[in-house]
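Source file: upload_23.pdb; contents: PDB, C-alpha atoms.
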ATOM      1  CA  ARG C   7     -14.106 -41.022  31.571
ATOM      2  CA  ARG C   8     -12.528 -37.723  30.545
ATOM      3  CA  ARG C   9     -14.290 -34.497  31.325
ATOM      4  CA  PRO C  10     -15.293 -32.308  28.316
ATOM      5  CA  ASP C  11     -12.726 -29.643  29.140
ATOM      6  CA  ALA C  12      -9.971 -32.251  29.433
ATOM      7  CA  LEU C  13     -10.987 -33.770  26.098
ATOM      8  CA  GLY C  14     -10.902 -30.352  24.439
ATOM      9  CA  GLU C  15      -7.489 -29.633  25.900
ATOM     10  CA  SER C  16      -6.220 -32.980  24.602
ATOM     11  CA  ARG C  17      -7.433 -32.151  21.093
ATOM     12  CA  ARG C  18      -5.806 -28.708  21.184
ATOM     13  CA  THR C  19      -2.537 -30.270  22.342
ATOM     14  CA  LYS C  20      -2.693 -32.828  19.541
ATOM     15  CA  LYS C  21      -3.342 -30.081  16.982
ATOM     16  CA  LYS C  22      -0.380 -28.042  18.216
ATOM     17  CA  GLY C  23       1.786 -31.164  18.028
ATOM     18  CA  GLU C  24       0.810 -31.729  14.382
ATOM     19  CA  ILE C  25       1.650 -28.116  13.513
ATOM     20  CA  MET C  26       4.993 -28.285  15.278
ATOM     21  CA  GLU C  27       5.867 -31.570  13.562
ATOM     22  CA  SER C  28       5.144 -30.130  10.079
ATOM     23  CA  THR C  29       6.838 -26.780  10.597
ATOM     24  CA  ALA C  30       9.888 -28.401  12.183
ATOM     25  CA  LEU C  31      10.594 -30.197   8.913
ATOM     26  CA  PHE C  32      11.384 -26.924   7.119
ATOM     27  CA  ALA C  33      12.428 -24.728  10.066
ATOM     28  CA  LYS C  34      14.707 -26.986  12.105
ATOM     29  CA  THR C  35      16.008 -29.658   9.716
ATOM     30  CA  PRO C  36      19.626 -29.156   8.498
ATOM     31  CA  PRO C  37      19.850 -28.139   4.814
ATOM     32  CA  LEU C  38      21.494 -31.335   3.528
ATOM     33  CA  LYS C  39      19.055 -33.546   5.372
ATOM     34  CA  LEU C  40      16.144 -31.393   4.233
ATOM     35  CA  PHE C  41      17.351 -31.761   0.635
ATOM     36  CA  ALA C  42      17.260 -35.543   0.958
ATOM     37  CA  ILE C  43      13.883 -35.519   2.693
ATOM     38  CA  ALA C  44      12.063 -32.926   0.576
ATOM     39  CA  ALA C  45      13.892 -32.129  -2.665
ATOM     40  CA  LEU C  46      14.607 -35.651  -3.896
ATOM     41  CA  PRO C  47      11.068 -37.002  -3.362
ATOM     42  CA  GLY C  48       9.778 -33.756  -4.891
ATOM     43  CA  SER C  49      11.864 -34.354  -8.016
ATOM     44  CA  VAL C  50      10.620 -37.932  -8.287
ATOM     45  CA  SER C  51       7.087 -36.636  -7.795
ATOM     46  CA  MET C  52       7.420 -34.152 -10.673
ATOM     47  CA  LEU C  53       8.887 -36.840 -12.916
ATOM     48  CA  ALA C  54       6.067 -39.254 -12.095
ATOM     49  CA  SER C  55       3.386 -36.606 -12.673
ATOM     50  CA  ALA C  56       4.836 -35.902 -16.124
ATOM     51  CA  LEU C  57       4.807 -39.551 -17.162
ATOM     52  CA  TYR C  58       1.080 -39.564 -17.860
ATOM     53  CA  GLN C  59       1.608 -37.471 -21.011
ATOM     54  CA  LEU C  60       4.258 -39.886 -22.258
ATOM     55  CA  LEU C  61       2.056 -42.893 -21.518
ATOM     56  CA  ASP C  62      -0.940 -41.174 -23.091
ATOM     57  CA  GLY C  63       0.904 -40.605 -26.345
ATOM     58  CA  ALA C  64       2.341 -44.134 -26.381
ATOM     59  CA  PHE C  65      -1.020 -45.853 -25.928
ATOM     60  CA  VAL C  66      -2.844 -43.601 -28.399
ATOM     61  CA  GLY C  67      -0.138 -43.917 -31.048
ATOM     62  CA  ARG C  68       0.142 -47.686 -30.729
ATOM     63  CA  LEU C  69      -3.531 -48.579 -30.347
ATOM     64  CA  LEU C  70      -5.386 -45.859 -32.278
ATOM     65  CA  GLY C  71      -2.926 -44.930 -35.006
ATOM     66  CA  GLU C  72      -1.089 -41.934 -36.397
ATOM     67  CA  THR C  73      -4.118 -39.673 -36.889
ATOM     68  CA  ALA C  74      -5.227 -40.053 -33.281
ATOM     69  CA  PHE C  75      -1.683 -39.416 -32.076
ATOM     70  CA  ALA C  76      -1.535 -36.209 -34.121
ATOM     71  CA  ALA C  77      -4.933 -35.127 -32.797
ATOM     72  CA  LEU C  78      -3.739 -35.679 -29.228
ATOM     73  CA  ASN C  79      -0.708 -33.457 -29.759
ATOM     74  CA  LEU C  80      -2.838 -30.793 -31.425
ATOM     75  CA  ALA C  81      -5.214 -30.581 -28.444
ATOM     76  CA  MET C  82      -2.622 -31.012 -25.692
ATOM     77  CA  PRO C  83      -1.459 -27.341 -25.548
ATOM     78  CA  PHE C  84      -4.985 -26.237 -24.592
ATOM     79  CA  VAL C  85      -5.149 -28.966 -21.936
ATOM     80  CA  ILE C  86      -1.829 -27.816 -20.478
ATOM     81  CA  ILE C  87      -3.001 -24.182 -20.437
ATOM     82  CA  ASN C  88      -6.031 -25.257 -18.414
ATOM     83  CA  PHE C  89      -3.873 -27.167 -15.928
ATOM     84  CA  SER C  90      -1.353 -24.336 -15.690
ATOM     85  CA  LEU C  91      -3.972 -21.970 -14.267
ATOM     86  CA  ALA C  92      -4.591 -24.322 -11.344
ATOM     87  CA  ASP C  93      -0.860 -24.767 -10.886
ATOM     88  CA  LEU C  94      -0.436 -20.978 -10.914
ATOM     89  CA  ILE C  95      -3.004 -20.538  -8.138
ATOM     90  CA  GLY C  96      -1.565 -23.460  -6.186
ATOM     91  CA  VAL C  97       2.034 -22.250  -6.270
ATOM     92  CA  GLY C  98       1.120 -18.629  -5.549
ATOM     93  CA  SER C  99      -1.175 -19.468  -2.641
ATOM     94  CA  SER C 100       1.365 -21.912  -1.183
ATOM     95  CA  VAL C 101       3.843 -19.062  -0.699
ATOM     96  CA  HIS C 102       1.353 -16.965   1.269
ATOM     97  CA  ILE C 103       0.173 -20.012   3.247
ATOM     98  CA  SER C 104       3.750 -20.779   4.264
ATOM     99  CA  VAL C 105       4.333 -17.149   5.289
ATOM    100  CA  CYS C 106       1.180 -17.158   7.434
ATOM    101  CA  LEU C 107       2.147 -20.429   9.084
ATOM    102  CA  GLY C 108       5.625 -19.084   9.762
ATOM    103  CA  ARG C 109       4.018 -16.108  11.508
ATOM    104  CA  LYS C 110       1.821 -18.475  13.584
ATOM    105  CA  ASN C 111      -1.255 -17.073  11.835
ATOM    106  CA  GLU C 112      -3.109 -20.341  11.187
ATOM    107  CA  ARG C 113      -6.453 -18.573  10.676
ATOM    108  CA  GLU C 114      -5.250 -16.694   7.603
ATOM    109  CA  ALA C 115      -3.443 -19.796   6.317
ATOM    110  CA  TYR C 116      -6.694 -21.769   6.475
ATOM    111  CA  ASN C 117      -8.529 -18.936   4.737
ATOM    112  CA  ILE C 118      -6.028 -18.676   1.867
ATOM    113  CA  PHE C 119      -6.057 -22.462   1.474
ATOM    114  CA  THR C 120      -9.868 -22.542   1.306
ATOM    115  CA  CYS C 121     -10.127 -19.572  -1.062
ATOM    116  CA  ALA C 122      -7.444 -21.011  -3.352
ATOM    117  CA  CYS C 123      -9.292 -24.337  -3.626
ATOM    118  CA  LEU C 124     -12.557 -22.547  -4.408
ATOM    119  CA  MET C 125     -10.795 -20.369  -6.975
ATOM    120  CA  ILE C 126      -9.283 -23.411  -8.699
ATOM    121  CA  VAL C 127     -12.675 -25.128  -8.931
ATOM    122  CA  GLY C 128     -14.265 -21.917 -10.216
ATOM    123  CA  ALA C 129     -11.503 -21.424 -12.776
ATOM    124  CA  GLY C 130     -11.969 -25.039 -13.848
ATOM    125  CA  VAL C 131     -15.658 -24.447 -14.444
ATOM    126  CA  LEU C 132     -15.059 -21.199 -16.345
ATOM    127  CA  VAL C 133     -12.086 -22.240 -18.471
ATOM    128  CA  GLY C 134     -13.485 -25.728 -18.989
ATOM    129  CA  GLY C 135     -16.734 -24.274 -20.293
ATOM    130  CA  ILE C 136     -14.867 -21.944 -22.636
ATOM    131  CA  LEU C 137     -12.682 -24.746 -23.982
ATOM    132  CA  PHE C 138     -15.677 -27.045 -24.478
ATOM    133  CA  ALA C 139     -17.639 -24.428 -26.394
ATOM    134  CA  ALA C 140     -14.695 -23.084 -28.377
ATOM    135  CA  ALA C 141     -13.076 -26.437 -29.175
ATOM    136  CA  PRO C 142     -14.269 -26.611 -32.823
ATOM    137  CA  LEU C 143     -13.192 -23.016 -33.407
ATOM    138  CA  LEU C 144      -9.768 -23.457 -31.807
ATOM    139  CA  ILE C 145      -9.009 -26.725 -33.573
ATOM    140  CA  GLY C 146     -10.260 -25.361 -36.904
ATOM    141  CA  PHE C 147      -8.159 -22.235 -36.449
ATOM    142  CA  MET C 148      -5.095 -24.483 -36.256
ATOM    143  CA  GLY C 149      -5.897 -25.949 -39.672
ATOM    144  CA  ALA C 150      -7.345 -29.358 -38.704
ATOM    145  CA  GLU C 151     -10.126 -30.865 -40.808
ATOM    146  CA  GLY C 152     -12.204 -34.027 -41.063
ATOM    147  CA  ASP C 153     -11.546 -36.974 -38.742
ATOM    148  CA  PHE C 154      -8.344 -35.347 -37.556
ATOM    149  CA  ALA C 155     -10.256 -32.320 -36.221
ATOM    150  CA  ALA C 156     -13.070 -34.474 -34.813
ATOM    151  CA  MET C 157     -10.612 -36.547 -32.762
ATOM    152  CA  ALA C 158      -8.865 -33.475 -31.391
ATOM    153  CA  ILE C 159     -12.217 -31.929 -30.409
ATOM    154  CA  GLN C 160     -13.314 -35.123 -28.636
ATOM    155  CA  TYR C 161     -10.065 -35.317 -26.711
ATOM    156  CA  MET C 162     -10.163 -31.678 -25.671
ATOM    157  CA  ARG C 163     -13.816 -31.696 -24.652
ATOM    158  CA  VAL C 164     -13.391 -34.616 -22.243
ATOM    159  CA  TYR C 165     -10.672 -32.691 -20.415
ATOM    160  CA  ALA C 166     -12.864 -29.581 -20.456
ATOM    161  CA  LEU C 167     -15.815 -31.415 -18.884
ATOM    162  CA  CYS C 168     -13.652 -32.919 -16.145
ATOM    163  CA  SER C 169     -11.695 -29.709 -15.571
ATOM    164  CA  PRO C 170     -13.380 -28.643 -12.273
ATOM    165  CA  LEU C 171     -12.385 -31.946 -10.636
ATOM    166  CA  THR C 172      -9.017 -32.670 -12.263
ATOM    167  CA  THR C 173      -7.055 -29.419 -12.356
ATOM    168  CA  ILE C 174      -6.904 -29.181  -8.574
ATOM    169  CA  ILE C 175      -4.579 -32.209  -8.424
ATOM    170  CA  PHE C 176      -1.732 -29.964  -9.570
ATOM    171  CA  ALA C 177      -2.345 -27.549  -6.682
ATOM    172  CA  VAL C 178      -3.005 -29.972  -3.833
ATOM    173  CA  ASP C 179       0.454 -31.377  -4.442
ATOM    174  CA  ASN C 180       1.879 -28.115  -3.039
ATOM    175  CA  TYR C 181      -0.449 -28.154  -0.042
ATOM    176  CA  LEU C 182       0.568 -31.693   0.861
ATOM    177  CA  ARG C 183       4.227 -30.682   0.900
ATOM    178  CA  ILE C 184       3.455 -27.713   3.159
ATOM    179  CA  CYS C 185       1.822 -30.098   5.629
ATOM    180  CA  GLY C 186       4.852 -32.390   5.596
ATOM    181  CA  TYR C 187       3.401 -35.097   3.337
ATOM    182  CA  VAL C 188       6.429 -35.035   1.040
ATOM    183  CA  ARG C 189       6.640 -38.767   0.459
ATOM    184  CA  GLY C 190       2.870 -39.032   0.362
ATOM    185  CA  SER C 191       2.819 -36.507  -2.464
ATOM    186  CA  MET C 192       5.450 -38.506  -4.322
ATOM    187  CA  TRP C 193       3.550 -41.785  -4.012
ATOM    188  CA  LEU C 194       0.333 -40.060  -5.026
ATOM    189  CA  ASN C 195       1.891 -38.892  -8.303
ATOM    190  CA  ILE C 196       3.316 -42.350  -8.930
ATOM    191  CA  LEU C 197      -0.142 -43.822  -8.296
ATOM    192  CA  MET C 198      -1.691 -41.345 -10.726
ATOM    193  CA  SER C 199       0.687 -42.330 -13.525
ATOM    194  CA  ALA C 200       0.122 -46.021 -12.824
ATOM    195  CA  LEU C 201      -3.662 -45.598 -12.868
ATOM    196  CA  CYS C 202      -3.433 -43.661 -16.142
ATOM    197  CA  ALA C 203      -1.516 -46.530 -17.738
ATOM    198  CA  ILE C 204      -3.898 -49.204 -16.414
ATOM    199  CA  LEU C 205      -7.072 -47.363 -17.385
ATOM    200  CA  GLU C 206      -5.793 -46.409 -20.843
ATOM    201  CA  PHE C 207      -4.834 -49.999 -21.563
ATOM    202  CA  LEU C 208      -8.269 -51.107 -20.366
ATOM    203  CA  PHE C 209     -10.235 -48.489 -22.318
ATOM    204  CA  LEU C 210      -8.181 -48.588 -25.542
ATOM    205  CA  GLY C 211      -6.700 -52.082 -25.619
ATOM    206  CA  VAL C 212      -9.562 -54.108 -24.120
ATOM    207  CA  PHE C 213     -12.736 -52.093 -24.785
ATOM    208  CA  HIS C 214     -11.377 -50.596 -28.062
ATOM    209  CA  TRP C 215     -12.904 -47.187 -27.419
ATOM    210  CA  GLY C 216     -11.887 -44.030 -29.270
ATOM    211  CA  ILE C 217      -9.520 -41.207 -28.435
ATOM    212  CA  TRP C 218     -12.045 -39.707 -26.026
ATOM    213  CA  ALA C 219     -11.453 -42.738 -23.791
ATOM    214  CA  ALA C 220      -7.753 -41.880 -23.531
ATOM    215  CA  ALA C 221      -8.672 -38.505 -22.061
ATOM    216  CA  LEU C 222     -11.323 -40.125 -19.844
ATOM    217  CA  ALA C 223      -8.769 -42.596 -18.464
ATOM    218  CA  THR C 224      -6.367 -39.815 -17.509
ATOM    219  CA  CYS C 225      -9.130 -37.667 -16.007
ATOM    220  CA  SER C 226     -10.475 -40.624 -14.007
ATOM    221  CA  ALA C 227      -7.032 -41.261 -12.526
ATOM    222  CA  MET C 228      -6.645 -37.573 -11.674
ATOM    223  CA  MET C 229     -10.053 -37.350 -10.021
ATOM    224  CA  LEU C 230      -9.421 -40.452  -7.915
ATOM    225  CA  CYS C 231      -6.010 -39.159  -6.808
ATOM    226  CA  ALA C 232      -7.511 -35.740  -6.039
ATOM    227  CA  VAL C 233     -10.015 -37.384  -3.689
ATOM    228  CA  ILE C 234      -7.218 -39.334  -1.994
ATOM    229  CA  ALA C 235      -5.091 -36.187  -1.703
ATOM    230  CA  PHE C 236      -7.830 -34.246   0.079
ATOM    231  CA  LEU C 237      -8.574 -36.972   2.621
ATOM    232  CA  PRO C 238      -6.051 -35.615   5.195
ATOM    233  CA  PHE C 239      -7.611 -32.147   4.902
ATOM    234  CA  LEU C 240     -11.199 -33.383   5.057
ATOM    235  CA  ARG C 241     -10.453 -35.651   8.032
ATOM    236  CA  LYS C 242      -8.542 -32.802   9.732
ATOM    237  CA  LYS C 243      -5.366 -34.866   9.925
ATOM    238  CA  ALA C 244      -3.246 -32.283   8.078
ATOM    239  CA  MET C 245      -1.961 -28.944   9.305
ATOM    240  CA  LEU C 246      -4.252 -27.021   6.921
ATOM    241  CA  ARG C 247      -8.018 -26.921   7.415
ATOM    242  CA  PHE C 248     -11.016 -25.801   5.400
ATOM    243  CA  CYS C 249     -12.853 -22.820   6.869
ATOM    244  CA  ARG C 250     -15.503 -20.255   6.027
ATOM    245  CA  PRO C 251     -13.863 -17.821   3.545
ATOM    246  CA  HIS C 252     -13.349 -14.277   4.767
ATOM    247  CA  THR C 253     -11.500 -11.125   3.700
ATOM    248  CA  VAL C 254      -7.761 -11.334   4.280
ATOM    249  CA  ASP C 255      -6.709  -8.773   6.868
ATOM    250  CA  GLY C 256      -4.387  -6.083   5.618
ATOM    251  CA  VAL C 257      -4.164  -7.373   2.060
ATOM    252  CA  PHE C 258      -4.169  -3.902   0.529
ATOM    253  CA  GLU C 259      -1.501  -2.691   2.939
ATOM    254  CA  GLN C 260       0.654  -5.676   2.042
ATOM    255  CA  CYS C 261       0.230  -4.963  -1.672
ATOM    256  CA  HIS C 262       1.213  -1.336  -1.114
ATOM    257  CA  GLN C 263       4.338  -2.414   0.763
ATOM    258  CA  LEU C 264       5.306  -4.770  -2.067
ATOM    259  CA  ARG C 265       4.769  -2.027  -4.607
ATOM    260  CA  THR C 266       6.963   0.456  -2.746
ATOM    261  CA  THR C 267       9.739  -1.798  -1.451
ATOM    262  CA  GLN C 268      10.280  -4.643  -3.903
ATOM    263  CA  CYS C 269      12.305  -4.767  -7.087
ATOM    264  CA  PHE C 270      11.438  -2.948 -10.311
ATOM    265  CA  PRO C 271       9.603  -5.842 -12.079
ATOM    266  CA  VAL C 272       7.305  -6.314  -9.087
ATOM    267  CA  ARG C 273       6.514  -2.576  -9.002
ATOM    268  CA  CYS C 274       5.701  -2.680 -12.703
ATOM    269  CA  VAL C 275       3.215  -5.519 -12.141
ATOM    270  CA  PHE C 276       1.399  -3.565  -9.423
ATOM    271  CA  ASP C 277       1.443  -0.423 -11.595
ATOM    272  CA  VAL C 278      -0.256  -2.357 -14.404
ATOM    273  CA  ILE C 279      -2.867  -3.783 -12.011
ATOM    274  CA  ALA C 280      -3.547  -0.339 -10.532
ATOM    275  CA  ALA C 281      -3.954   1.139 -14.010
TER     276      ALA C 281
END
Write-out of the structure in structure tokens:
Amino acid sequence: RRRPDALGESRRTKKKGEIMESTALFAKTPPLKLFAIAALPGSVSMLASALYQLLDGAFVGRLLGETAFAALNLAMPFVIINFSLADLIGVGSSVHISVCLGRKNEREAYNIFTCACLMIVGAGVLVGGILFAAAPLLIGFMGAEGDFAAMAIQYMRVYALCSPLTTIIFAVDNYLRICGYVRGSMWLNILMSALCAILEFLFLGVFHWGIWAAALATCSAMMLCAVIAFLPFLRKKAMLRFCRPHTVDGVFEQCHQLRTTQCFPVRCVFDVIAA
């Protein structure tokens, strides 16, 4: 039987091995090999994640008719805006997480990862609530009336209700790649598109539900894939961990350095924020 100190040392060694294995992918792999390992699966992943919109429109247009298809396209820009906020936080935080990991500062990387996830959920609650409440106003402002407007509102409100649990799928994709799960991220996006197609066919073609079911099918697939994506983080198998959020050390000094040393557009951004 291992002693407690030996068991703790074994766990620390295993953790260091996981970090080295993930960082070695981007730090020590030759560029051409890295392109084949990371860039190509990443491209396939982006293509697969975009297929759900194509499948959504195909099923709605074929099974629900022209009016429902038009309502879907009328509401889709607001859905994309909601998703883009999570993607914005995910991409921006991924840069800082990678920098912290490169500096061997795992504590700050865990903190940024945790804060980014909380921010995405909070933004989903806030923006989702706004979109749900303002859906009739937004759709009416675009000139829709009658059944056409009612379908667009139904479609948009389902996405708004599910927003806190669905938008994060577009951010966790970046975190998986940081941890070295490049192929896992690709297969997850393929699974999401496949689930969208299966559930939409089931809800629209078999149960004959309305346009709200098309949005529910997509959101259900996203929520299931989001749970699967977070399993490595929750089980502490990935390089990133959840932690108690805390203030990032030196954040104001870093912002000041960016403002004084970076290019003109970056300085303008900080000048606007300071104003």
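Minimum distance to Leu53 in chain C across C:Met198, C:Ile234, C:Met245, C:Met228 (counting all atoms listed in the file) occurs at C:Met198.
Between CA of Phe154 in chain C and CA of Ile86 in chain C the separation is 19.8 Å.
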Q) Applied to the shown file, which residues does the PyMOL selection byres ((chain C and resi 158) around 10) return, written as a ChimeraX atom specification? A) /C:73-82,141-142,145-146,150-151,153-157,159-163,217-218
Leaving out Val164 in chain C and any residue of its chain fewer than 4 positions from it, which residues lie within 9 Å of it when counting all atoms listed in the file, given as a compact mmCIF listing (two decimals) with C-alpha atoms, in the coordinates of the input?
# COMPACT_ATOMS: atom_id res chain seq x y z
CA PHE C 138 -15.68 -27.04 -24.48
CA ILE C 159 -12.22 -31.93 -30.41
CA GLN C 160 -13.31 -35.12 -28.64
CA CYS C 168 -13.65 -32.92 -16.14
CA SER C 169 -11.70 -29.71 -15.57
CA TRP C 218 -12.04 -39.71 -26.03
CA ALA C 219 -11.45 -42.74 -23.79
CA ALA C 221 -8.67 -38.51 -22.06
CA LEU C 222 -11.32 -40.12 -19.84
CA CYS C 225 -9.13 -37.67 -16.01
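The smallest atom-to-atom distance between Leu107 in chain C and any of C:Ala122, C:Met52, C:Leu143, C:Ile184, using all atoms listed in the file, is found for C:Ile184.
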Q | Given the PyMOL selection byres ((chain C and resi 56) around 12), the residues it picks as a PyMOL selection string | A | chain C and resi 49-55+57-63+86+176+195-196+198-200+202+224
Q: Excluding range 87-104 of chain C and any residue of its chain fewer than 2 positions from it, enumerate the residues within 7 Å of it, using all atoms listed in the file, and give them as a list in words.
A: Pro83, Phe84, Val85, Cys106, Leu107, Gly108, Ala115, Ile118, Phe119, Ala122, Ile126, Val133, Thr173, Ile174, Phe176, Ala177, Asn180 and Tyr181 of chain C
Q) When you draw a straight line from CA of Phe207 in chain C to CA of Val233 in chain C, how long is it in Å? A) 22.5 Å
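Distances from C:Ala42, C:Ala166, C:Leu194, C:Ala235 to Gly134 in chain C were compared using only C-alpha atoms, and the smallest one belongs to C:Ala166.
From CA of Ala140 in chain C back to CA of Gly71 in chain C, the distance works out to 25.7 Å.
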